[in-house]
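Next comes target35.cif, a file with mmCIF, C-alpha atoms and all ligand atoms.
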data_start
loop_
_atom_site.label_atom_id
_atom_site.label_comp_id
_atom_site.auth_asym_id
_atom_site.auth_seq_id
_atom_site.Cartn_x
_atom_site.Cartn_y
_atom_site.Cartn_z
CA MET A 17 122.71 49.68 110.79
CA GLN A 18 125.91 50.83 109.11
CA ASN A 19 123.77 53.05 106.88
CA THR A 20 121.93 54.83 109.72
CA ASP A 21 125.22 55.31 111.40
CA CYS A 22 126.74 56.92 108.28
CA THR A 23 123.76 59.27 107.93
CA PHE A 24 124.04 60.28 111.56
CA ILE A 25 127.78 60.86 111.21
CA CYS A 26 127.36 62.98 108.08
CA GLU A 27 124.79 65.10 109.89
CA GLN A 28 127.43 66.04 112.43
CA PHE A 29 130.07 67.28 109.98
CA THR A 30 129.30 70.98 110.19
CA GLU A 31 129.35 71.04 113.97
CA TYR A 32 132.35 68.77 113.96
CA GLN A 33 134.24 71.31 111.86
CA GLU A 34 133.05 74.12 114.06
CA ASN A 35 134.12 72.31 117.19
CA SER A 36 130.68 72.56 118.71
CA LEU A 37 129.94 68.87 119.27
CA SER A 38 129.85 67.28 122.68
CA SER A 39 133.02 65.34 123.40
CA GLU A 40 131.02 62.13 123.32
CA ILE A 41 129.64 62.65 119.82
CA ARG A 42 132.94 64.05 118.62
CA ALA A 43 134.65 60.81 119.68
CA GLN A 44 131.94 58.87 117.86
CA VAL A 45 132.59 60.81 114.63
CA ASP A 46 136.35 60.34 115.03
CA SER A 47 136.12 56.63 115.42
CA HIS A 48 133.62 56.32 112.57
CA LEU A 49 135.83 58.31 110.20
CA ALA A 50 138.74 56.08 111.11
CA SER A 51 136.83 53.03 110.00
CA CYS A 52 134.45 54.20 107.22
CA SER A 53 136.17 55.20 104.00
CA SER A 54 133.01 56.50 102.28
CA CYS A 55 132.21 58.89 105.13
CA LEU A 56 135.85 59.96 105.26
CA GLU A 57 135.74 60.73 101.54
CA ILE A 58 132.59 62.82 101.95
CA PHE A 59 134.16 64.64 104.88
CA GLN A 60 137.31 65.47 102.94
CA LYS A 61 135.40 66.69 99.91
CA LEU A 62 133.17 68.75 102.14
CA THR A 63 136.14 70.42 103.77
CA GLY A 64 137.49 71.27 100.32
CA VAL A 65 134.12 72.69 99.23
CA ILE A 66 133.91 74.94 102.26
CA GLU A 67 137.46 76.16 101.78
CA THR A 68 136.70 77.04 98.16
CA LEU A 69 133.49 78.79 99.17
CA HIS A 70 135.36 80.94 101.64
CA LYS A 71 137.92 81.82 98.98
CA LEU A 72 135.39 82.94 96.38
CA PRO A 73 136.21 86.41 95.09
CA THR A 74 134.27 89.21 96.69
CA LEU A 75 132.24 91.07 94.13
CA LYS A 76 131.91 94.82 94.18
CA ALA A 77 129.11 97.09 93.11
CA SER A 78 129.98 99.10 90.01
CA SER A 79 131.33 102.62 90.34
CA SER A 80 128.08 104.04 88.95
CA PHE A 81 126.00 102.30 91.62
CA ASN A 82 125.45 105.37 93.81
CA SER A 83 124.69 107.75 90.96
CA THR A 84 122.18 105.33 89.43
CA LEU A 85 120.53 104.85 92.80
CA LEU A 86 120.49 108.60 93.34
CA SER A 87 118.70 109.24 90.06
CA ARG A 88 116.18 106.50 90.80
CA ILE A 89 115.52 108.09 94.19
CA ASN A 90 115.14 111.53 92.63
CA THR A 91 112.66 110.14 90.13
CA LEU A 92 110.82 108.53 93.02
CA ASN A 93 110.82 111.77 95.01
CA GLN A 94 109.58 113.77 92.06
CA GLU A 95 106.81 111.27 91.47
CA THR A 96 105.72 111.48 95.08
CA VAL A 97 106.03 115.23 95.15
CA TRP A 98 103.98 115.57 91.97
CA GLN A 99 101.38 113.22 93.37
CA LYS A 100 101.27 115.38 96.50
CA ILE A 101 100.95 118.53 94.40
CA TYR A 102 98.21 116.99 92.39
CA HIS A 103 96.29 115.90 95.45
CA SER A 104 96.88 119.02 97.49
CA SER A 105 96.13 121.43 94.64
CA TYR A 106 93.10 119.40 93.71
CA SER A 107 91.75 119.48 97.26
CA ARG A 108 92.79 123.11 97.73
CA VAL A 109 91.02 124.19 94.57
CA ALA A 110 87.96 122.22 95.61
CA GLY A 111 88.17 123.75 99.10
CA TYR A 112 88.52 127.27 97.78
CA ALA A 113 85.71 126.72 95.32
CA ILE A 114 83.42 125.69 98.19
CA ALA A 115 84.66 128.55 100.36
CA ALA A 116 84.23 131.00 97.52
CA GLY A 117 80.77 129.69 96.88
CA LEU A 118 79.80 130.04 100.54
CA ILE A 119 81.22 133.50 100.90
CA PHE A 120 79.66 134.50 97.63
CA ALA A 121 76.30 133.35 98.95
CA ILE A 122 76.88 135.21 102.22
CA GLY A 123 78.11 138.20 100.25
CA ILE A 124 74.99 138.19 98.15
CA ASN A 125 72.95 138.16 101.35
CA ILE A 126 74.92 141.03 102.79
CA LEU A 127 74.65 142.83 99.48
CA ILE A 128 70.95 142.26 99.33
CA ASP A 129 70.34 143.10 102.99
CA PRO A 130 71.96 146.54 102.92
CA ILE A 131 70.08 147.26 99.75
CA ALA A 132 66.81 146.48 101.48
CA PRO A 133 67.26 149.17 104.16
CA MET A 134 68.61 151.46 101.45
CA LYS A 135 65.35 151.19 99.67
CA SER A 136 63.17 151.59 102.69
CA GLY A 137 65.54 153.44 105.09
CA THR A 138 66.26 157.15 105.52
CA GLN A 139 68.87 159.06 103.46
CA SER A 140 70.97 159.91 106.51
CA ASN A 141 72.18 156.33 106.83
CA PHE A 142 73.28 156.06 103.21
CA ALA A 143 76.72 157.57 103.61
CA GLY A 144 77.63 155.05 106.23
CA ASP A 145 75.97 152.22 104.39
CA LYS A 146 77.74 152.99 101.16
CA ILE A 147 80.86 151.28 102.34
CA ASN A 148 79.08 148.12 103.26
CA PRO A 149 78.02 147.02 99.81
CA ASN A 150 81.63 147.33 98.67
CA GLN A 151 83.13 145.23 101.38
CA PRO A 152 81.69 141.90 100.28
CA THR A 153 82.82 142.62 96.75
CA GLU A 154 86.33 143.29 97.94
CA SER A 155 86.45 140.13 99.98
CA LEU A 156 85.09 138.17 97.06
CA ALA A 157 87.83 139.54 94.87
CA ALA A 158 90.31 138.62 97.53
CA ILE A 159 88.93 135.09 97.61
CA SER A 160 89.00 134.59 93.88
CA ASP A 161 92.52 135.97 93.90
CA SER A 162 93.58 133.66 96.66
CA SER A 163 92.04 130.68 94.93
CA ALA A 164 94.18 131.50 91.95
CA ASN A 165 97.29 132.36 93.92
CA HIS A 166 97.46 129.69 96.57
CA PRO A 167 97.93 126.68 94.34
CA VAL A 168 100.77 128.61 92.74
CA ASP A 169 102.21 129.24 96.19
CA SER A 170 101.96 125.59 97.02
CA LEU A 171 103.65 124.73 93.74
CA THR A 172 106.54 127.00 94.50
CA LEU A 173 106.79 125.59 97.95
CA GLN A 174 106.74 122.00 96.72
CA ASN A 175 109.25 122.83 94.02
CA SER A 176 111.60 124.20 96.58
CA THR A 177 111.24 120.90 98.45
CA ILE A 178 112.37 119.07 95.33
CA THR A 179 115.30 121.36 94.92
CA SER A 180 116.41 121.02 98.51
CA GLN A 181 116.12 117.24 98.27
CA ASN A 182 118.08 117.21 95.06
CA GLN A 183 120.69 119.41 96.57
CA SER A 184 121.13 117.29 99.65
CA MET A 185 121.43 114.13 97.57
CA GLN A 186 123.81 115.76 95.13
CA LEU A 187 125.87 116.98 97.98
CA VAL A 188 125.82 113.53 99.40
CA SER A 189 126.67 111.79 96.16
CA GLY A 190 129.44 114.25 95.58
CA LYS A 191 130.85 113.31 98.98
CA LYS A 192 130.69 109.56 98.22
CA MET B 16 139.71 116.74 114.62
CA SER B 17 139.28 113.75 116.86
CA GLU B 18 138.15 110.51 115.23
CA LYS B 19 134.46 109.90 115.60
CA PRO B 20 133.49 106.41 116.67
CA LEU B 21 131.82 104.50 113.83
CA LYS B 22 128.06 104.65 114.05
CA THR B 23 126.14 101.42 114.19
CA ASP B 24 123.78 100.51 111.35
CA GLU B 25 120.92 100.93 113.77
CA GLN B 26 122.01 104.47 114.63
CA LEU B 27 122.25 105.30 110.96
CA ILE B 28 118.80 104.00 110.08
CA ALA B 29 117.38 105.92 113.06
CA GLU B 30 119.02 109.09 111.74
CA PHE B 31 117.63 108.40 108.30
CA GLN B 32 114.19 107.88 109.78
CA ASN B 33 114.59 111.37 111.24
CA GLY B 34 115.31 112.79 107.82
CA ASN B 35 119.11 112.64 107.51
CA GLU B 36 119.76 111.40 103.98
CA ASN B 37 123.52 111.25 104.54
CA ALA B 38 122.85 108.39 106.93
CA PHE B 39 121.09 106.55 104.12
CA VAL B 40 124.06 107.01 101.80
CA GLU B 41 126.35 105.72 104.54
CA LEU B 42 124.21 102.58 104.77
CA VAL B 43 124.31 102.20 100.98
CA ASP B 44 128.10 102.39 101.08
CA ARG B 45 128.25 99.85 103.87
CA TYR B 46 125.97 97.32 102.26
CA LYS B 47 126.13 97.64 98.48
CA ASP B 48 129.10 95.29 97.94
CA ARG B 49 127.88 92.73 100.42
CA LEU B 50 124.44 92.70 98.89
CA VAL B 51 125.68 92.56 95.30
CA ASN B 52 127.82 89.64 96.36
CA PHE B 53 124.80 88.04 98.00
CA VAL B 54 122.27 88.56 95.21
CA TYR B 55 124.75 87.65 92.47
CA ARG B 56 124.99 84.12 93.89
CA PHE B 57 121.29 83.71 93.23
CA LEU B 58 121.01 85.36 89.85
CA HIS B 59 124.43 84.71 88.36
CA ASP B 60 124.25 87.95 86.46
CA MET B 61 125.97 91.15 87.55
CA THR B 62 123.57 93.58 85.87
CA ASP B 63 120.53 91.86 87.35
CA ALA B 64 122.22 91.58 90.74
CA GLU B 65 122.97 95.31 90.84
CA ASP B 66 119.49 96.14 89.73
CA MET B 67 118.05 93.95 92.48
CA VAL B 68 120.29 95.58 95.10
CA GLN B 69 119.13 98.99 93.88
CA GLU B 70 115.57 97.79 94.33
CA THR B 71 116.50 96.71 97.83
CA PHE B 72 117.79 100.18 98.72
CA LEU B 73 114.77 101.82 97.11
CA LYS B 74 112.57 99.68 99.33
CA VAL B 75 114.59 100.73 102.35
CA TYR B 76 114.29 104.37 101.24
CA LYS B 77 110.54 104.18 100.69
CA ASN B 78 109.77 102.08 103.74
CA LYS B 79 112.30 103.41 106.20
CA HIS B 80 109.65 103.64 108.90
CA ALA B 81 108.86 99.95 108.54
CA TYR B 82 112.17 99.19 110.23
CA ARG B 83 111.80 98.62 113.95
CA GLU B 84 114.71 98.68 116.32
CA ILE B 85 113.92 95.21 117.64
CA ALA B 86 115.73 93.71 114.63
CA LYS B 87 119.27 94.20 113.42
CA PHE B 88 119.46 96.39 110.34
CA SER B 89 121.61 93.78 108.57
CA THR B 90 119.05 91.00 108.95
CA TRP B 91 116.31 93.35 107.79
CA ILE B 92 118.11 94.36 104.61
CA TYR B 93 119.26 90.80 103.87
CA THR B 94 115.66 89.66 104.20
CA ILE B 95 114.52 92.28 101.68
CA ALA B 96 117.33 91.48 99.24
CA GLY B 97 116.87 87.71 99.64
CA ASN B 98 113.14 87.93 98.99
CA LEU B 99 113.69 90.05 95.90
CA ALA B 100 116.36 87.69 94.58
CA ARG B 101 114.24 84.63 95.12
CA SER B 102 111.16 86.13 93.56
CA GLU B 103 113.28 87.13 90.56
CA LEU B 104 114.45 83.52 90.31
CA ARG B 105 110.86 82.30 90.37
CA LYS B 106 109.97 84.78 87.62
CA ARG B 107 112.87 83.54 85.55
CA LYS B 108 111.77 79.98 85.99
CA ARG B 109 108.30 80.86 84.75
CA ARG B 110 109.61 82.47 81.60
CA LYS B 111 112.40 79.98 81.17
CA THR B 112 113.19 79.63 77.50
CA TYR B 113 116.45 77.82 77.49
CA THR B 114 116.78 74.09 77.90
CA MET B 115 117.96 72.13 80.88
CA SER B 116 120.47 70.22 78.80
CA ALA B 117 123.55 71.77 80.38
CA LEU B 118 122.55 70.54 83.81
CA SER B 119 120.10 67.72 83.96
CA PHE B 120 119.36 66.93 87.55
CA ASP B 121 116.54 64.89 88.99
CA ASP B 122 115.28 67.76 91.05
CA ASN B 123 112.81 70.04 89.29
CA GLU B 124 113.92 72.89 91.49
CA PHE B 125 117.20 73.18 89.62
CA THR B 126 117.56 76.22 87.48
CA PRO B 127 119.70 76.02 84.38
CA VAL B 128 122.81 78.09 84.08
CA ASP B 129 123.07 80.49 81.21
CA PRO B 130 126.69 80.00 80.20
CA GLY B 131 126.82 83.29 78.33
CA LYS B 132 126.03 85.32 81.39
CA ASP B 133 127.49 83.63 84.39
CA THR B 134 130.95 85.02 84.75
CA GLU B 135 130.73 88.27 82.86
CA GLY B 136 133.16 90.79 84.27
CA ILE B 137 134.41 88.52 87.00
CA VAL B 138 137.74 86.81 87.13
CA PHE B 139 137.78 83.73 89.26
CA ASN B 140 140.81 82.63 91.14
CA SER B 141 140.44 79.10 89.99
CA TYR B 142 138.42 76.81 87.82
CA ALA B 143 137.10 75.26 91.00
CA GLY B 144 135.64 78.64 91.96
CA GLU B 145 133.66 78.87 88.77
CA GLU B 146 132.55 75.30 89.10
CA ILE B 147 131.36 75.87 92.62
CA MET B 148 129.42 78.93 91.49
CA LYS B 149 127.57 76.84 88.94
CA ALA B 150 126.89 74.22 91.55
CA ILE B 151 125.45 76.83 93.95
CA TYR B 152 123.31 78.25 91.21
CA ALA B 153 122.04 74.77 90.50
CA LEU B 154 121.26 73.97 94.14
CA PRO B 155 117.58 73.66 94.98
CA GLU B 156 115.99 75.74 97.69
CA PRO B 157 116.26 75.92 100.63
CA PHE B 158 119.85 74.76 100.26
CA LYS B 159 120.91 77.52 97.92
CA THR B 160 119.91 80.34 100.25
CA ILE B 161 121.40 78.74 103.30
CA ILE B 162 124.75 78.09 101.59
CA ILE B 163 124.90 81.67 100.34
CA LEU B 164 124.08 83.10 103.75
CA ARG B 165 126.37 80.87 105.72
CA ASP B 166 129.33 80.05 103.51
CA ILE B 167 129.53 83.07 101.24
CA GLN B 168 128.15 85.87 103.39
CA GLU B 169 129.50 84.13 106.50
CA LEU B 170 126.57 85.23 108.63
CA SER B 171 126.01 83.83 112.10
CA TYR B 172 123.49 81.06 112.72
CA GLU B 173 121.53 83.53 114.78
CA ASP B 174 121.27 86.07 111.95
CA ILE B 175 120.33 83.36 109.45
CA SER B 176 117.69 82.15 111.85
CA THR B 177 116.21 85.68 111.93
CA ILE B 178 116.43 86.22 108.18
CA LEU B 179 114.82 82.91 107.28
CA ASP B 180 112.56 82.87 110.32
CA ILE B 181 113.47 79.32 111.23
CA PRO B 182 114.85 77.93 114.51
CA MET B 183 118.61 77.82 115.08
CA GLY B 184 118.61 74.04 115.18
CA THR B 185 117.00 73.92 111.76
CA VAL B 186 119.56 76.38 110.42
CA LYS B 187 122.42 74.17 111.60
CA SER B 188 121.01 70.98 110.16
CA ARG B 189 120.13 72.74 106.91
CA VAL B 190 123.64 74.14 106.58
CA ASN B 191 124.99 70.65 106.95
CA ARG B 192 122.57 69.15 104.45
CA ALA B 193 123.15 72.01 102.01
CA ARG B 194 126.90 71.48 102.14
CA LEU B 195 126.49 67.77 101.54
CA LYS B 196 124.14 68.51 98.65
CA LEU B 197 126.60 71.00 97.20
CA GLN B 198 129.43 68.53 97.43
CA GLU B 199 127.22 65.94 95.74
CA THR B 200 126.35 68.41 92.98
CA LEU B 201 130.01 69.20 92.44
CA SER B 202 130.86 65.54 92.11
CA TYR B 203 128.02 65.22 89.63
CA LEU B 204 129.27 68.18 87.61
CA LYS B 205 132.77 66.74 87.51
CA GLU B 206 131.64 63.44 86.09
ZN ZN A 301 130.14 55.93 107.22
#

For this file, produce the structure as structure tokens.
Ligand SMILES: [Zn+2]
Amino acid sequence: MQNTDCTFICEQFTEYQENSLSSEIRAQVDSHLASCSSCLEIFQKLTGVIETLHKLPTLKASSSFNSTLLSRINTLNQETVWQKIYHSSYSRVAGYAIAAGLIFAIGINILIDPIAPMKSGTQSNFAGDKINPNQPTESLAAISDSSANHPVDSLTLQNSTITSQNQSMQLVSGKK
Amino acid sequence: MSEKPLKTDEQLIAEFQNGNENAFVELVDRYKDRLVNFVYRFLHDMTDAEDMVQETFLKVYKNKHAYREIAKFSTWIYTIAGNLARSELRKRKRRKTYTMSALSFDDNEFTPVDPGKDTEGIVFNSYAGEEIMKAIYALPEPFKTIIILRDIQELSYEDISTILDIPMGTVKSRVNRARLKLQETLSYLKE
């Protein structure tokens, strides 16, 4: 019985110290501590432990903490940006290849079709028709150009994102 | 210029979610010391503790949108840091190469202290402080975490309840048992 009592009393120590016990239980702890030397010893040691814990020195992050974190974030950003570039340029190139293919096919049709009337049609229409065969060629050139240029554009754009991110973080780390 | 009222952590993370990286840096400055202090008590090594806190902030940076305003920012970041620290401890235990001779407790959960690493760069006020550090490091879970959160970080029962996802009543009884266990461990170390 004494044992159960001691266990129960020890369970109350934290709330006893924090003054959050009911007055009834508080009185029970008081009277037990007055009569039980082993519980009193535990209580006193416990109080000492908590005091020491609260007095432990506060540690500080090193002075290079922010700059290290900044460089890790920049590495992370560059990785993500490069992944994005890879994916976007890959899909863009694929997209342009398909588009170029389609337009090329259409172009061939247009090229072939005007030729057909050229062969069978009257001379009078030729002057006007002359422009037509050129147009698909021009647009094809434009497409192949754009397929070469756009990924470069996207690269420049993405690079400028990196730079602006770097700048904002540098600015920030400089502020510290 | 009139003094601006200090922004809450929750305001800062909201700003960061909207793309303001200065807000992130402000949060780093607010939490880095607290978290280093927190994680160090688990790992007992300053370099590892800093590295783990950096990981914590990188997680916050990468997953900023995972934060929801229903929780306090502090409990969210403590949860991330605590999980990282504890998983690092588990990893260490798996690749444990040194012996348990320095501290031979009954409990298998105890992790040995590497005496070469424990106090590097830190000057303790007293011998008792260093001793208590070793005792905390040697405490089994869940006592270790609860002691660190309550008695070193001095967090409220409510916050601890959120971080550990256990009821308030359990937090209180665990704090009490952890303190008793710590006191027991200290007596053991003194013998
Ligand atoms: Zn007793």

Using only C-alpha atoms and all ligand atoms, find each protein or nucleic acid residue lying at most 12 Å from ligand ZN 301 (chain A); present the set as a PDB file with C-alpha atoms, in the coordinates of the input.
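As written to disk, out.pdb reads:
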ATOM      1  CA  MET A  17     122.710  49.680 110.790  1.00  0.00           C
ATOM      2  CA  GLN A  18     125.910  50.830 109.110  1.00  0.00           C
ATOM      3  CA  ASN A  19     123.770  53.050 106.880  1.00  0.00           C
ATOM      4  CA  THR A  20     121.930  54.830 109.720  1.00  0.00           C
ATOM      5  CA  ASP A  21     125.220  55.310 111.400  1.00  0.00           C
ATOM      6  CA  CYS A  22     126.740  56.920 108.280  1.00  0.00           C
ATOM      7  CA  THR A  23     123.760  59.270 107.930  1.00  0.00           C
ATOM      8  CA  PHE A  24     124.040  60.280 111.560  1.00  0.00           C
ATOM      9  CA  ILE A  25     127.780  60.860 111.210  1.00  0.00           C
ATOM     10  CA  CYS A  26     127.360  62.980 108.080  1.00  0.00           C
ATOM     11  CA  GLU A  27     124.790  65.100 109.890  1.00  0.00           C
ATOM     12  CA  GLN A  28     127.430  66.040 112.430  1.00  0.00           C
ATOM     13  CA  PHE A  29     130.070  67.280 109.980  1.00  0.00           C
ATOM     14  CA  GLN A  44     131.940  58.870 117.860  1.00  0.00           C
ATOM     15  CA  VAL A  45     132.590  60.810 114.630  1.00  0.00           C
ATOM     16  CA  ASP A  46     136.350  60.340 115.030  1.00  0.00           C
ATOM     17  CA  SER A  47     136.120  56.630 115.420  1.00  0.00           C
ATOM     18  CA  HIS A  48     133.620  56.320 112.570  1.00  0.00           C
ATOM     19  CA  LEU A  49     135.830  58.310 110.200  1.00  0.00           C
ATOM     20  CA  ALA A  50     138.740  56.080 111.110  1.00  0.00           C
ATOM     21  CA  SER A  51     136.830  53.030 110.000  1.00  0.00           C
ATOM     22  CA  CYS A  52     134.450  54.200 107.220  1.00  0.00           C
ATOM     23  CA  SER A  53     136.170  55.200 104.000  1.00  0.00           C
ATOM     24  CA  SER A  54     133.010  56.500 102.280  1.00  0.00           C
ATOM     25  CA  CYS A  55     132.210  58.890 105.130  1.00  0.00           C
ATOM     26  CA  LEU A  56     135.850  59.960 105.260  1.00  0.00           C
ATOM     27  CA  GLU A  57     135.740  60.730 101.540  1.00  0.00           C
ATOM     28  CA  ILE A  58     132.590  62.820 101.950  1.00  0.00           C
ATOM     29  CA  PHE A  59     134.160  64.640 104.880  1.00  0.00           C
TER      30      PHE A  59
END

What lies within 10 Å of region 24-30 of chain B using all atoms listed in the file, ignoring chain neighbours under 6 positions off, as a short mmCIF file (atom, residue, chain, number, x, y, z; two decimals) with C-alpha atoms, keeping the file's coordinate frame?
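What ended up in result15.cif:
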data_model
loop_
_atom_site.label_atom_id
_atom_site.label_comp_id
_atom_site.auth_asym_id
_atom_site.auth_seq_id
_atom_site.Cartn_x
_atom_site.Cartn_y
_atom_site.Cartn_z
CA GLU B 36 119.76 111.40 103.98
CA ASN B 37 123.52 111.25 104.54
CA ALA B 38 122.85 108.39 106.93
CA PHE B 39 121.09 106.55 104.12
CA VAL B 40 124.06 107.01 101.80
CA GLU B 41 126.35 105.72 104.54
CA LEU B 42 124.21 102.58 104.77
CA ARG B 45 128.25 99.85 103.87
CA TYR B 46 125.97 97.32 102.26
CA VAL B 75 114.59 100.73 102.35
CA TYR B 76 114.29 104.37 101.24
CA LYS B 79 112.30 103.41 106.20
CA HIS B 80 109.65 103.64 108.90
CA TYR B 82 112.17 99.19 110.23
CA ARG B 83 111.80 98.62 113.95
CA GLU B 84 114.71 98.68 116.32
CA ILE B 85 113.92 95.21 117.64
CA ALA B 86 115.73 93.71 114.63
CA LYS B 87 119.27 94.20 113.42
CA PHE B 88 119.46 96.39 110.34
CA SER B 89 121.61 93.78 108.57
#

Non-local contacts of Gly144 (chain B) (9 Å; all atoms listed in the file; under 5 positions in same chain excluded) as a PyMOL selection string | (chain A and resi 68-69+71-73) or (chain B and resi 139+149)

Which value, in Å to one decimal, gives the distance between CA of Ile163 (chain B) and CA of Thr23 (chain B)?
->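 Straight-line distance from CA of Ile163 (chain B) to CA of Thr23 (chain B) works out to 24.2 Å.
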
Using 8 Å as the limit and counting all atoms listed in the file, can you tabulate each residue of chain B that touches chain A, with its shortest atom-to-atom distance in Å and the two atoms involved, as a Markdown table?
| residue | atom | partner | partner_atom | distance |
| --- | --- | --- | --- | --- |
| B:Glu36 | CA | A:Met185 | CA | 7.2 |
| B:Asn37 | CA | A:Val188 | CA | 6.1 |
| B:Val40 | CA | A:Val188 | CA | 7.2 |
| B:Val43 | CA | A:Asn82 | CA | 7.9 |
| B:Lys47 | CA | A:Ala77 | CA | 6.2 |
| B:Asp48 | CA | A:Lys76 | CA | 4.7 |
| B:Arg49 | CA | A:Lys76 | CA | 7.7 |
| B:Val51 | CA | A:Ala77 | CA | 6.1 |
| B:Asn52 | CA | A:Leu75 | CA | 5.2 |
| B:Glu65 | CA | A:Ala77 | CA | 6.8 |
| B:Gln69 | CA | A:Leu85 | CA | 6.1 |
| B:Leu73 | CA | A:Ile89 | CA | 7.0 |
| B:Ile137 | CA | A:Leu75 | CA | 7.9 |
| B:Phe139 | CA | A:Pro73 | CA | 6.6 |
| B:Asn140 | CA | A:Pro73 | CA | 7.1 |
| B:Ala143 | CA | A:Thr68 | CA | 7.4 |
| B:Gly144 | CA | A:Leu72 | CA | 6.2 |
| B:Ile147 | CA | A:Leu69 | CA | 7.5 |
| B:Asp166 | CA | A:Leu69 | CA | 6.1 |
| B:Ile167 | CA | A:Leu69 | CA | 6.2 |
| B:Lys187 | CA | A:Thr30 | CA | 7.7 |
| B:Ser188 | CA | A:Glu27 | CA | 7.0 |
| B:Val190 | CA | A:Thr30 | CA | 7.4 |
| B:Asn191 | CA | A:Thr30 | CA | 5.4 |
| B:Arg192 | CA | A:Glu27 | CA | 7.1 |
| B:Arg194 | CA | A:Leu62 | CA | 6.8 |
| B:Leu195 | CA | A:Leu62 | CA | 6.8 |
| B:Leu197 | CA | A:Val65 | CA | 8.0 |
| B:Gln198 | CA | A:Leu62 | CA | 6.0 |

Gap from CA of Glu146 (chain B) to CA of Gln33 (chain A) - Å, one decimal = 23.2 Å

Take CA of Phe53 (chain B) and CA of Ala153 (chain B) and report the distance between them in Å, one decimal.
->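 CA of Ala153 (chain B) lies at a distance of 15.5 Å from CA of Phe53 (chain B).
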
So that all listed atoms of region 166-176 of chain B fit with 4 Å spare on each side, what axis-aligned box centre and edge lengths in Å, to one decimal, would you give as JSON?
{"center_x": 123.6, "center_y": 83.1, "center_z": 108.0, "size_x": 19.8, "size_y": 14.0, "size_z": 21.5}

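Among the candidates B:Ile151, B:Leu164, B:Leu179, B:Leu21, the residue lying nearest to Glu199 (chain B) is B:Ile151 (atoms considered: only C-alpha atoms).
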
Distance cut-off 12 Å, centre (121.5, 90.7, 89.3) in file coordinates, counting all atoms listed in the file: which residues qualify? Return them as a short mmCIF file (atom, residue, chain, number, x, y, z; two decimals) with C-alpha atoms, in the coordinates of the input.
data_model
loop_
_atom_site.label_atom_id
_atom_site.label_comp_id
_atom_site.auth_asym_id
_atom_site.auth_seq_id
_atom_site.Cartn_x
_atom_site.Cartn_y
_atom_site.Cartn_z
CA LEU A 75 132.24 91.07 94.13
CA ALA A 77 129.11 97.09 93.11
CA SER A 78 129.98 99.10 90.01
CA LEU B 50 124.44 92.70 98.89
CA VAL B 51 125.68 92.56 95.30
CA ASN B 52 127.82 89.64 96.36
CA PHE B 53 124.80 88.04 98.00
CA VAL B 54 122.27 88.56 95.21
CA TYR B 55 124.75 87.65 92.47
CA ARG B 56 124.99 84.12 93.89
CA PHE B 57 121.29 83.71 93.23
CA LEU B 58 121.01 85.36 89.85
CA HIS B 59 124.43 84.71 88.36
CA ASP B 60 124.25 87.95 86.46
CA MET B 61 125.97 91.15 87.55
CA THR B 62 123.57 93.58 85.87
CA ASP B 63 120.53 91.86 87.35
CA ALA B 64 122.22 91.58 90.74
CA GLU B 65 122.97 95.31 90.84
CA ASP B 66 119.49 96.14 89.73
CA MET B 67 118.05 93.95 92.48
CA VAL B 68 120.29 95.58 95.10
CA GLN B 69 119.13 98.99 93.88
CA GLU B 70 115.57 97.79 94.33
CA THR B 71 116.50 96.71 97.83
CA ALA B 96 117.33 91.48 99.24
CA GLY B 97 116.87 87.71 99.64
CA LEU B 99 113.69 90.05 95.90
CA ALA B 100 116.36 87.69 94.58
CA ARG B 101 114.24 84.63 95.12
CA GLU B 103 113.28 87.13 90.56
CA LEU B 104 114.45 83.52 90.31
CA ARG B 107 112.87 83.54 85.55
CA LYS B 132 126.03 85.32 81.39
CA ASP B 133 127.49 83.63 84.39
CA THR B 134 130.95 85.02 84.75
CA GLU B 135 130.73 88.27 82.86
#

Contacts of Val186 (chain B) within 12 Å, all atoms listed in the file, excl. fewer than 3 positions in-chain, as a PyMOL selection string | (chain A and resi 30-31) or (chain B and resi 157-158+160-162+164-165+170-183+189-193)

What would region 33-37 of chain A look like with N, CA, C and O atoms restored, written as a short mmCIF file (atom, residue, chain, number, x, y, z; two decimals), in the coordinates of the input?
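Result written to result-v3.cif:
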data_model
loop_
_atom_site.label_atom_id
_atom_site.label_comp_id
_atom_site.auth_asym_id
_atom_site.auth_seq_id
_atom_site.Cartn_x
_atom_site.Cartn_y
_atom_site.Cartn_z
N GLN A 33 133.26 70.33 112.35
CA GLN A 33 134.24 71.31 111.86
C GLN A 33 134.27 72.57 112.69
O GLN A 33 135.29 73.23 112.81
N GLU A 34 133.12 72.89 113.26
CA GLU A 34 133.05 74.12 114.06
C GLU A 34 133.38 73.87 115.53
O GLU A 34 133.25 74.78 116.35
N ASN A 35 133.75 72.66 115.81
CA ASN A 35 134.12 72.31 117.19
C ASN A 35 133.00 72.53 118.21
O ASN A 35 133.27 72.92 119.34
N SER A 36 131.77 72.30 117.77
CA SER A 36 130.68 72.56 118.71
C SER A 36 129.94 71.28 119.14
O SER A 36 128.86 71.35 119.71
N LEU A 37 130.56 70.14 118.85
CA LEU A 37 129.94 68.87 119.27
C LEU A 37 130.33 68.55 120.71
O LEU A 37 131.38 68.99 121.20
#
